[in-house]
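See below for coords.cif, which holds mmCIF, C-alpha atoms.
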data_start
#
loop_
_atom_site.label_atom_id
_atom_site.label_comp_id
_atom_site.auth_asym_id
_atom_site.auth_seq_id
_atom_site.Cartn_x
_atom_site.Cartn_y
_atom_site.Cartn_z
CA MET L 23 2.54 -34.03 -18.66
CA THR L 24 -0.24 -33.33 -16.18
CA ASP L 25 -3.80 -32.69 -17.34
CA ASN L 26 -4.53 -29.69 -15.13
CA ILE L 27 -1.65 -27.30 -15.86
CA PHE L 28 -1.73 -24.98 -18.87
CA ASP L 29 0.49 -22.34 -20.44
CA PHE L 30 -1.09 -19.22 -21.96
CA ILE L 31 1.56 -18.03 -24.39
CA GLY L 32 1.49 -14.54 -25.85
CA GLY L 33 3.45 -14.57 -29.12
CA ASP L 34 3.13 -14.56 -32.88
CA ASN L 35 1.09 -17.76 -33.25
CA GLY L 36 -1.72 -19.68 -31.61
CA GLN L 37 -5.40 -20.62 -31.81
CA TRP L 38 -6.54 -17.13 -30.83
CA ARG L 39 -5.87 -13.72 -32.35
CA ILE L 40 -5.59 -10.92 -29.80
CA LEU L 41 -7.93 -7.97 -30.43
CA SER L 42 -6.90 -5.82 -27.47
CA ILE L 43 -4.95 -5.81 -24.23
CA THR L 44 -6.31 -3.30 -21.70
CA THR L 45 -4.82 -2.65 -18.29
CA VAL L 46 -7.54 -2.26 -15.69
CA ILE L 47 -5.24 -1.80 -12.67
CA GLY L 48 -1.53 -2.33 -12.00
CA ALA L 49 1.24 -3.25 -14.43
CA THR L 50 0.26 -4.09 -18.00
CA LEU L 51 1.27 -6.97 -20.30
CA GLU L 52 3.04 -6.24 -23.57
CA PHE L 53 0.87 -6.44 -26.69
CA THR L 54 1.24 -9.55 -28.84
CA SER L 55 -0.75 -10.64 -31.87
CA HIS L 56 -1.66 -14.18 -30.82
CA LEU L 57 -2.36 -16.41 -27.85
CA LYS L 58 -1.54 -20.10 -27.74
CA ILE L 59 -2.96 -22.29 -24.97
CA THR L 60 -1.21 -25.57 -24.35
CA GLU L 61 -1.11 -28.33 -21.77
CA SER L 62 2.04 -28.02 -19.72
CA THR L 63 3.71 -28.92 -16.44
CA THR L 64 4.94 -26.79 -13.57
CA ALA L 65 8.47 -27.41 -14.82
CA LYS L 66 8.02 -26.81 -18.52
CA CYS L 67 8.40 -23.27 -19.75
CA ASN L 68 7.10 -22.51 -23.22
CA SER L 69 8.45 -19.46 -25.00
CA GLY L 70 6.67 -16.38 -26.25
CA LEU L 71 6.75 -12.70 -25.48
CA TRP L 72 5.12 -13.72 -22.21
CA VAL L 73 3.86 -16.98 -20.69
CA LEU L 74 1.24 -17.20 -17.97
CA LYS L 75 0.97 -20.57 -16.27
CA GLY L 76 -2.24 -21.62 -14.51
CA LEU L 77 -3.75 -24.76 -13.08
CA ARG L 78 -7.25 -26.09 -12.81
CA SER L 79 -8.13 -27.03 -9.24
CA ASN L 80 -11.09 -27.80 -7.02
CA LEU L 81 -13.68 -25.09 -6.26
CA ARG L 82 -12.71 -23.05 -3.21
CA TYR L 83 -15.94 -21.21 -2.26
CA THR L 84 -18.81 -22.91 -4.04
CA GLU L 85 -21.36 -24.60 -1.80
CA LYS L 86 -23.30 -27.77 -2.55
CA GLU L 87 -26.49 -26.15 -3.82
CA GLU L 88 -24.56 -23.67 -5.97
CA LYS L 89 -22.36 -26.43 -7.34
CA GLU L 90 -25.43 -28.42 -8.38
CA ARG L 91 -26.88 -25.42 -10.19
CA LEU L 92 -23.55 -24.74 -11.89
CA THR L 93 -23.19 -28.36 -12.97
CA ALA L 94 -26.73 -28.37 -14.38
CA ILE L 95 -26.24 -25.30 -16.53
CA GLN L 96 -22.51 -24.91 -17.19
CA ALA L 97 -21.16 -24.75 -20.73
CA ASP L 98 -18.06 -26.44 -22.09
CA LEU L 99 -15.17 -24.58 -23.66
CA GLY L 100 -14.67 -25.05 -27.39
CA ARG L 101 -18.23 -24.60 -28.64
CA PRO L 102 -17.95 -23.80 -32.37
CA GLU L 103 -20.14 -20.69 -32.08
CA SER L 104 -18.03 -19.30 -29.21
CA THR L 105 -15.54 -17.47 -31.39
CA ARG L 106 -14.91 -14.69 -28.88
CA ALA L 107 -12.90 -15.02 -25.71
CA ALA L 108 -11.47 -12.99 -22.88
CA LEU L 109 -8.41 -13.81 -20.79
CA ILE L 110 -8.47 -11.72 -17.62
CA PRO L 111 -5.48 -12.31 -15.34
CA ILE L 112 -6.01 -10.84 -11.87
CA ARG L 113 -4.04 -10.53 -8.66
CA LYS L 114 -5.58 -9.90 -5.25
CA SER L 115 -3.97 -7.91 -2.43
CA GLU L 116 -2.30 -9.33 0.68
CA ALA L 117 -5.32 -8.03 2.64
CA TRP L 118 -7.45 -10.59 0.77
CA TRP L 119 -5.11 -13.49 1.36
CA THR L 120 -4.77 -12.88 5.09
CA LEU L 121 -8.55 -13.11 5.52
CA ALA L 122 -9.94 -16.37 6.94
CA GLN L 123 -12.01 -18.71 4.75
CA ASP L 124 -15.38 -17.53 6.12
CA GLU L 125 -14.42 -13.87 5.66
CA ARG L 126 -13.40 -14.48 2.03
CA ARG L 127 -16.55 -16.50 1.36
CA LYS L 128 -18.69 -13.69 2.81
CA ILE L 129 -17.10 -11.08 0.52
CA PHE L 130 -17.04 -13.44 -2.49
CA GLU L 131 -20.67 -14.52 -2.34
CA THR L 132 -22.80 -12.87 0.37
CA LYS L 133 -21.63 -9.36 -0.51
CA SER L 134 -20.50 -9.76 -4.13
CA ASN L 135 -22.73 -12.53 -5.55
CA HIS L 136 -19.82 -13.90 -7.55
CA THR L 137 -21.33 -17.34 -8.24
CA GLU L 138 -24.85 -15.92 -8.64
CA THR L 139 -23.59 -13.44 -11.21
CA GLY L 140 -21.74 -16.15 -13.13
CA LEU L 141 -24.88 -18.32 -13.10
CA LYS L 142 -26.95 -15.49 -14.56
CA TYR L 143 -24.82 -15.46 -17.72
CA LEU L 144 -24.71 -19.22 -18.20
CA PRO L 145 -24.76 -20.99 -20.58
CA ALA L 146 -24.05 -17.98 -22.86
CA VAL L 147 -20.67 -17.23 -21.27
CA ALA L 148 -18.55 -20.33 -20.62
CA ARG L 149 -15.90 -19.84 -18.00
CA LYS L 150 -12.81 -21.55 -16.61
CA LEU L 151 -10.64 -20.53 -13.68
CA TYR L 152 -6.92 -21.21 -13.51
CA HIS L 153 -4.99 -20.76 -10.25
CA CYS L 154 -1.43 -19.43 -10.22
CA ARG L 155 -0.79 -17.64 -6.93
CA ASP L 156 1.10 -20.50 -5.30
CA ILE L 157 3.43 -21.37 -8.15
CA GLY L 158 5.52 -18.22 -8.37
CA GLU L 159 3.46 -16.50 -11.08
CA PRO L 160 2.80 -12.73 -11.36
CA PHE L 161 -1.00 -13.13 -11.14
CA ASP L 162 -3.19 -15.08 -8.69
CA PHE L 163 -5.75 -16.25 -11.24
CA LEU L 164 -6.28 -16.45 -14.96
CA THR L 165 -9.96 -16.23 -15.81
CA TRP L 166 -10.97 -17.44 -19.26
CA PHE L 167 -14.34 -16.77 -20.91
CA GLU L 168 -15.77 -17.96 -24.24
CA TYR L 169 -18.92 -16.61 -25.91
CA SER L 170 -20.45 -15.93 -29.30
CA PRO L 171 -20.21 -12.48 -30.95
CA GLU L 172 -23.98 -12.09 -30.35
CA ASP L 173 -23.38 -12.44 -26.61
CA SER L 174 -20.64 -9.77 -26.48
CA GLU L 175 -22.88 -7.24 -24.76
CA LEU L 176 -23.95 -9.81 -22.20
CA PHE L 177 -20.30 -10.48 -21.49
CA GLU L 178 -19.57 -6.75 -20.97
CA GLU L 179 -22.43 -6.65 -18.49
CA LEU L 180 -21.00 -9.66 -16.58
CA VAL L 181 -17.52 -8.13 -16.36
CA ASN L 182 -18.87 -4.72 -15.35
CA ASN L 183 -21.04 -6.28 -12.65
CA LEU L 184 -18.10 -8.18 -11.18
CA ARG L 185 -15.84 -5.11 -11.21
CA LYS L 186 -18.37 -3.14 -9.16
CA THR L 187 -18.36 -5.66 -6.31
CA GLU L 188 -16.84 -5.53 -2.83
CA GLU L 189 -14.62 -8.47 -3.87
CA TRP L 190 -13.03 -6.43 -6.66
CA LYS L 191 -11.74 -3.85 -4.15
CA TYR L 192 -9.14 -6.50 -3.33
CA VAL L 193 -7.97 -6.78 -6.95
CA ASP L 194 -4.67 -4.91 -7.27
CA ARG L 195 -3.64 -6.04 -10.76
CA GLU L 196 -5.94 -6.82 -13.66
CA VAL L 197 -5.36 -7.01 -17.39
CA ASP L 198 -8.21 -7.60 -19.85
CA ILE L 199 -7.27 -9.44 -23.05
CA ARG L 200 -9.92 -9.86 -25.77
CA LEU L 201 -9.55 -12.48 -28.46
CA THR L 202 -11.14 -14.03 -31.51
CA ARG L 203 -10.74 -17.64 -32.59
CA ILE L 204 -8.72 -18.28 -35.77
CA MET C 29 13.47 -18.92 -6.22
CA THR C 30 10.08 -18.53 -4.55
CA ASP C 31 9.72 -18.46 -0.77
CA ASN C 32 6.72 -20.78 -0.50
CA ILE C 33 7.82 -23.89 -2.42
CA PHE C 34 9.96 -26.56 -0.76
CA ASP C 35 11.54 -29.88 -1.69
CA PHE C 36 11.58 -32.71 0.85
CA ILE C 37 14.44 -34.90 -0.35
CA GLY C 38 14.88 -38.45 0.89
CA GLY C 39 18.55 -39.43 0.45
CA ASP C 40 21.84 -39.95 2.26
CA ASN C 41 22.20 -36.45 3.71
CA GLY C 42 20.14 -33.67 5.26
CA GLN C 43 19.24 -31.88 8.49
CA TRP C 44 17.10 -34.79 9.69
CA ARG C 45 17.88 -38.48 10.25
CA ILE C 46 15.01 -40.79 9.43
CA LEU C 47 14.02 -43.15 12.27
CA SER C 48 11.20 -44.98 10.50
CA ILE C 49 8.99 -44.96 7.43
CA THR C 50 5.62 -46.63 8.03
CA THR C 51 2.95 -47.08 5.41
CA VAL C 52 -0.48 -46.38 6.88
CA ILE C 53 -2.47 -46.91 3.66
CA GLY C 54 -1.61 -47.20 -0.03
CA ALA C 55 1.80 -47.38 -1.69
CA THR C 56 4.87 -46.89 0.49
CA LEU C 57 7.99 -44.75 0.06
CA GLU C 58 11.40 -46.38 -0.09
CA PHE C 59 13.46 -46.18 3.10
CA THR C 60 16.28 -43.62 3.12
CA SER C 61 18.56 -42.58 5.97
CA HIS C 62 18.13 -38.81 5.79
CA LEU C 63 15.75 -36.03 4.83
CA LYS C 64 16.83 -32.69 3.45
CA ILE C 65 14.35 -29.81 3.25
CA THR C 66 15.22 -27.00 0.88
CA GLU C 67 13.60 -23.97 -0.72
CA SER C 68 12.81 -24.73 -4.32
CA THR C 69 10.67 -23.75 -7.28
CA THR C 70 8.02 -25.65 -9.18
CA ALA C 71 10.53 -26.13 -11.98
CA LYS C 72 13.58 -27.18 -10.00
CA CYS C 73 13.96 -30.87 -9.25
CA ASN C 74 16.45 -31.80 -6.58
CA SER C 75 17.83 -35.32 -6.56
CA GLY C 76 17.57 -38.03 -3.93
CA LEU C 77 16.01 -41.45 -3.71
CA TRP C 78 12.74 -39.53 -3.73
CA VAL C 79 11.70 -35.88 -3.74
CA LEU C 80 8.35 -34.59 -2.52
CA LYS C 81 7.52 -31.04 -3.51
CA GLY C 82 5.04 -28.97 -1.50
CA LEU C 83 3.96 -25.38 -1.23
CA ARG C 84 2.77 -23.19 1.60
CA SER C 85 -0.54 -21.52 0.80
CA ASN C 86 -3.44 -19.73 2.45
CA LEU C 87 -5.70 -21.57 4.90
CA ARG C 88 -8.59 -23.28 3.11
CA TYR C 89 -11.06 -24.10 5.92
CA THR C 90 -10.09 -22.06 8.96
CA GLU C 91 -12.64 -19.45 10.06
CA LYS C 92 -11.88 -16.08 11.61
CA GLU C 93 -12.30 -17.04 15.24
CA GLU C 94 -10.27 -20.24 14.79
CA LYS C 95 -7.57 -18.34 12.93
CA GLU C 96 -7.26 -15.84 15.78
CA ARG C 97 -6.88 -18.64 18.32
CA LEU C 98 -4.31 -20.38 16.11
CA THR C 99 -2.32 -17.18 15.64
CA ALA C 100 -2.33 -16.52 19.38
CA ILE C 101 -0.96 -19.94 20.33
CA GLN C 102 0.88 -21.30 17.30
CA ALA C 103 4.53 -22.35 17.54
CA ASP C 104 7.29 -21.70 15.02
CA LEU C 105 9.29 -24.42 13.38
CA GLY C 106 12.96 -24.69 14.35
CA ARG C 107 12.69 -24.46 18.15
CA PRO C 108 15.97 -25.89 19.53
CA GLU C 109 14.15 -28.29 21.88
CA SER C 110 12.00 -29.66 19.04
CA THR C 111 14.42 -32.37 17.97
CA ARG C 112 11.72 -34.79 16.83
CA ALA C 113 9.68 -34.45 13.70
CA ALA C 114 7.14 -36.29 11.58
CA LEU C 115 6.58 -35.93 7.86
CA ILE C 116 3.20 -37.40 6.95
CA PRO C 117 2.37 -37.20 3.25
CA ILE C 118 -1.30 -37.93 2.56
CA ARG C 119 -3.56 -38.21 -0.46
CA LYS C 120 -7.34 -37.90 -0.37
CA SER C 121 -9.77 -39.74 -2.63
CA GLU C 122 -11.63 -38.31 -5.63
CA ALA C 123 -14.79 -38.50 -3.49
CA TRP C 124 -13.29 -35.84 -1.22
CA TRP C 125 -12.27 -33.54 -4.03
CA THR C 126 -15.65 -33.61 -5.75
CA LEU C 127 -17.36 -32.39 -2.57
CA ALA C 128 -18.33 -28.71 -2.43
CA GLN C 129 -16.55 -26.31 -0.06
CA ASP C 130 -19.30 -26.39 2.61
CA GLU C 131 -19.41 -30.21 2.52
CA ARG C 132 -15.63 -30.46 2.97
CA ARG C 133 -15.68 -27.87 5.75
CA LYS C 134 -18.45 -29.82 7.54
CA ILE C 135 -16.44 -33.04 7.47
CA PHE C 136 -13.14 -31.28 8.25
CA GLU C 137 -14.34 -29.36 11.29
CA THR C 138 -17.94 -29.98 12.36
CA LYS C 139 -17.57 -33.77 12.24
CA SER C 140 -13.80 -34.24 12.62
CA ASN C 141 -12.65 -31.28 14.77
CA HIS C 142 -9.48 -30.97 12.73
CA THR C 143 -8.57 -27.43 13.83
CA GLU C 144 -9.82 -27.99 17.39
CA THR C 145 -7.64 -31.09 17.70
CA GLY C 146 -4.59 -29.23 16.38
CA LEU C 147 -5.23 -26.38 18.83
CA LYS C 148 -5.35 -28.82 21.76
CA TYR C 149 -1.73 -29.85 21.12
CA LEU C 150 -0.36 -26.36 20.61
CA PRO C 151 2.20 -25.05 21.34
CA ALA C 152 3.78 -28.47 22.10
CA VAL C 153 3.40 -29.74 18.54
CA ALA C 154 4.32 -27.19 15.87
CA ARG C 155 2.79 -27.87 12.50
CA LYS C 156 3.08 -26.78 8.89
CA LEU C 157 0.99 -27.82 5.91
CA TYR C 158 2.34 -28.05 2.37
CA HIS C 159 0.00 -28.43 -0.62
CA CYS C 160 0.93 -30.57 -3.61
CA ARG C 161 -2.24 -31.92 -5.23
CA ASP C 162 -2.33 -29.39 -8.05
CA ILE C 163 1.29 -29.58 -9.14
CA GLY C 164 1.49 -33.15 -10.41
CA GLU C 165 2.78 -34.71 -7.18
CA PRO C 166 1.88 -38.21 -5.89
CA PHE C 167 0.41 -36.86 -2.62
CA ASP C 168 -2.13 -34.07 -1.96
CA PHE C 169 -0.48 -32.72 1.20
CA LEU C 170 2.74 -32.98 3.14
CA THR C 171 2.11 -32.44 6.84
CA TRP C 172 5.13 -31.58 8.94
CA PHE C 173 5.24 -31.67 12.75
CA GLU C 174 8.01 -30.71 15.21
CA TYR C 175 8.05 -31.49 18.92
CA SER C 176 10.39 -32.33 21.79
CA PRO C 177 11.14 -35.95 22.80
CA GLU C 178 9.14 -35.30 26.01
CA ASP C 179 6.08 -34.53 23.90
CA SER C 180 6.31 -37.71 21.81
CA GLU C 181 3.34 -39.31 23.54
CA LEU C 182 1.26 -36.19 23.05
CA PHE C 183 2.09 -36.33 19.37
CA GLU C 184 1.00 -39.99 19.10
CA GLU C 185 -2.29 -39.00 20.69
CA LEU C 186 -2.76 -36.17 18.15
CA VAL C 187 -2.08 -38.45 15.18
CA ASN C 188 -4.30 -41.22 16.52
CA ASN C 189 -7.14 -38.78 17.12
CA LEU C 190 -6.95 -37.44 13.57
CA ARG C 191 -6.83 -40.92 12.06
CA LYS C 192 -10.07 -41.89 13.81
CA THR C 193 -12.04 -39.03 12.25
CA GLU C 194 -14.66 -38.97 9.50
CA GLU C 195 -12.21 -36.87 7.45
CA TRP C 196 -9.61 -39.64 7.48
CA LYS C 197 -12.02 -42.01 5.70
CA TYR C 198 -11.19 -39.98 2.61
CA VAL C 199 -7.43 -40.57 2.97
CA ASP C 200 -6.38 -43.22 0.44
CA ARG C 201 -2.60 -42.93 0.75
CA GLU C 202 -0.64 -42.09 3.88
CA VAL C 203 2.98 -42.63 4.83
CA ASP C 204 4.31 -41.77 8.29
CA ILE C 205 7.98 -40.75 8.47
CA ARG C 206 9.56 -40.10 11.87
CA LEU C 207 12.76 -38.14 12.20
CA THR C 208 15.30 -36.75 14.62
CA ARG C 209 17.28 -33.56 14.11
CA ILE C 210 21.02 -33.97 13.46
#
Could you render the structure from this file as structure tokens?
Amino acid sequence: MTDNIFDFIGGDNGQWRILSITTVIGATLEFTSHLKITESTTAKCNSGLWVLKGLRSNLRYTEKEEKERLTAIQADLGRPESTRAALIPIRKSEAWWTLAQDERRKIFETKSNHTETGLKYLPAVARKLYHCRDIGEPFDFLTWFEYSPEDSELFEELVNNLRKTEEWKYVDREVDIRLTRI
Amino acid sequence: MTDNIFDFIGGDNGQWRILSITTVIGATLEFTSHLKITESTTAKCNSGLWVLKGLRSNLRYTEKEEKERLTAIQADLGRPESTRAALIPIRKSEAWWTLAQDERRKIFETKSNHTETGLKYLPAVARKLYHCRDIGEPFDFLTWFEYSPEDSELFEELVNNLRKTEEWKYVDREVDIRLTRI
């Protein structure tokens, strides 16, 4: 067992009840009633209607000053009042992945304010990124958000702001799963 | 089967005969006579005395202008005259991985000239990087080099130059495996 690899299992049981599965762009995911999140390995395959595997890794674009601000304000997952969550798996186009590091950074932050936008909604919206592009998965990232019902509108604003950015033009598959803690 | 994940299998058969296994820093790898490289998956575990799994991914530090120069001059693996190879698995310390992207880039290139040094030895020394930090492997990277016997001295110069850099102070495990094509 590693401590950085997780399975997100769509099935008939789990810690989260699925409220909706909306396809933003590209192929959808089949509707299931529950989501279970469990520590895993690259080798281990848990069963469900679908399983998305993702791994926690180091930050790829965040600069020192941004990282310090994030660290100062960031919220942990699992806060009791954060009974709402969103799992948003996304895939980016080949055009994104053939860009050099400085080109991706420029689109990610200079043009799209990705980190700045995330900071604006902290600590209300806690967030965790899971990588999956390199391990043979259908998406490139699984983004996970937790917030309280009172902060639902704030969360909609965050997601809408991100979807309007230059960076999001490179997203060619996105599914938006909303959940409530059981 | 994915096309970006590979197993490097140390055992009694394979396309490459092992000439030497030298421990530069940290724990060693047991000596075997041969190395087999095969396409794999994260799940599949091939057998041998040891197996190192690595994946090809996007460039993490290379900027646009550097990428263009690399693309213009880079050499493919598998050139018939490149009968010598080196497999150098390395691991970097936690201190490296907690640095922000701009801090790592500064050490990698501004202070250590990593890309510039690689460019200097192209096309003589072909090179491929495999990532393995995030998938529960003992090393962070597998670096693979191919060159002709006539370029052996050039290759020693390249490796020595990299090991003298600021970046290499963050390397806490390194094994140097030299091979000849069968």
Could you tell me, as an mmCIF file with C-alpha atoms, in the frame of the given file, exactly which residues end up selected when the PyMOL selection byres ((chain L and resi 86) around 8) is applied to this structure?
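Contents of out.cif, as written:
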data_model
loop_
_atom_site.group_PDB
_atom_site.id
_atom_site.type_symbol
_atom_site.label_atom_id
_atom_site.label_comp_id
_atom_site.auth_asym_id
_atom_site.auth_seq_id
_atom_site.Cartn_x
_atom_site.Cartn_y
_atom_site.Cartn_z
ATOM 1 C CA THR L 84 -18.810 -22.910 -4.040
ATOM 2 C CA GLU L 85 -21.360 -24.600 -1.800
ATOM 3 C CA GLU L 87 -26.490 -26.150 -3.820
ATOM 4 C CA GLU L 88 -24.560 -23.670 -5.970
ATOM 5 C CA LYS L 89 -22.360 -26.430 -7.340
ATOM 6 C CA GLU L 90 -25.430 -28.420 -8.380
ATOM 7 C CA LEU C 127 -17.360 -32.390 -2.570
ATOM 8 C CA ALA C 128 -18.330 -28.710 -2.430
ATOM 9 C CA GLN C 129 -16.550 -26.310 -0.060
ATOM 10 C CA ASP C 130 -19.300 -26.390 2.610
ATOM 11 C CA GLU C 131 -19.410 -30.210 2.520
#
**Asked** Applied to the shown file, which residues does the PyMOL selection byres ((chain C and resi 169-179) around 6) return, written as a ChimeraX atom specification?
**Response** /C:109-118,153-160,167-168,180-182
**Request:** Could you expand the PyMOL selection byres ((chain L and resi 37) around 6) into the explicit residues it covers here, written as a PyMOL selection string?
**Result:** chain L and resi 36+38+58+204
**Request:** Find the residue from C:Gly82, C:Pro151, C:Gly106, C:Gly54 that sits nearest to chain L; use only C-alpha atoms when measuring.
**Result:**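 Answer, going by the shortest atom-to-atom distance: C:Gly82.
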Using the file's own x, y and z axes, so that the box edges lie along x, y and z, what centre and edge lengths in Å (one decimal) does a box around every listed atom of region 198-208 of chain C get when 8 Å is added on each side? Give it as AutoDock Vina command-line options.
--center_x 2.1 --center_y -40.0 --center_z 7.5 --size_x 42.5 --size_y 22.5 --size_z 30.2
**Item:** Nearby residues (only C-alpha atoms) at most 12 Å from Asn189 (chain C), same-chain spacing under 4 positions excluded, as a ChimeraX atom specification
**Value:** /C:140-146,148-149,182-185,193-196
**Item:** Distance of CA of Val187 (chain C) from CA of Phe59 (chain C), expressed in Å to one decimal place
**Value:**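 The value is 21.1 Å.
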**Request:** Tell me which protein, DNA and RNA residues are within 10 Å of Gly32 (chain L), counting only C-alpha atoms, leaving out same-chain ones fewer than 6 positions away, and put them as a PyMOL selection string.
**Result:** chain L and resi 38-40+51-59+69-74
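In terms of minimum interatomic distance to chain L, C:Ile163 ranks closest within C:Ile53, C:Ile163, C:Ala152, C:Ala123, counting all atoms listed in the file.
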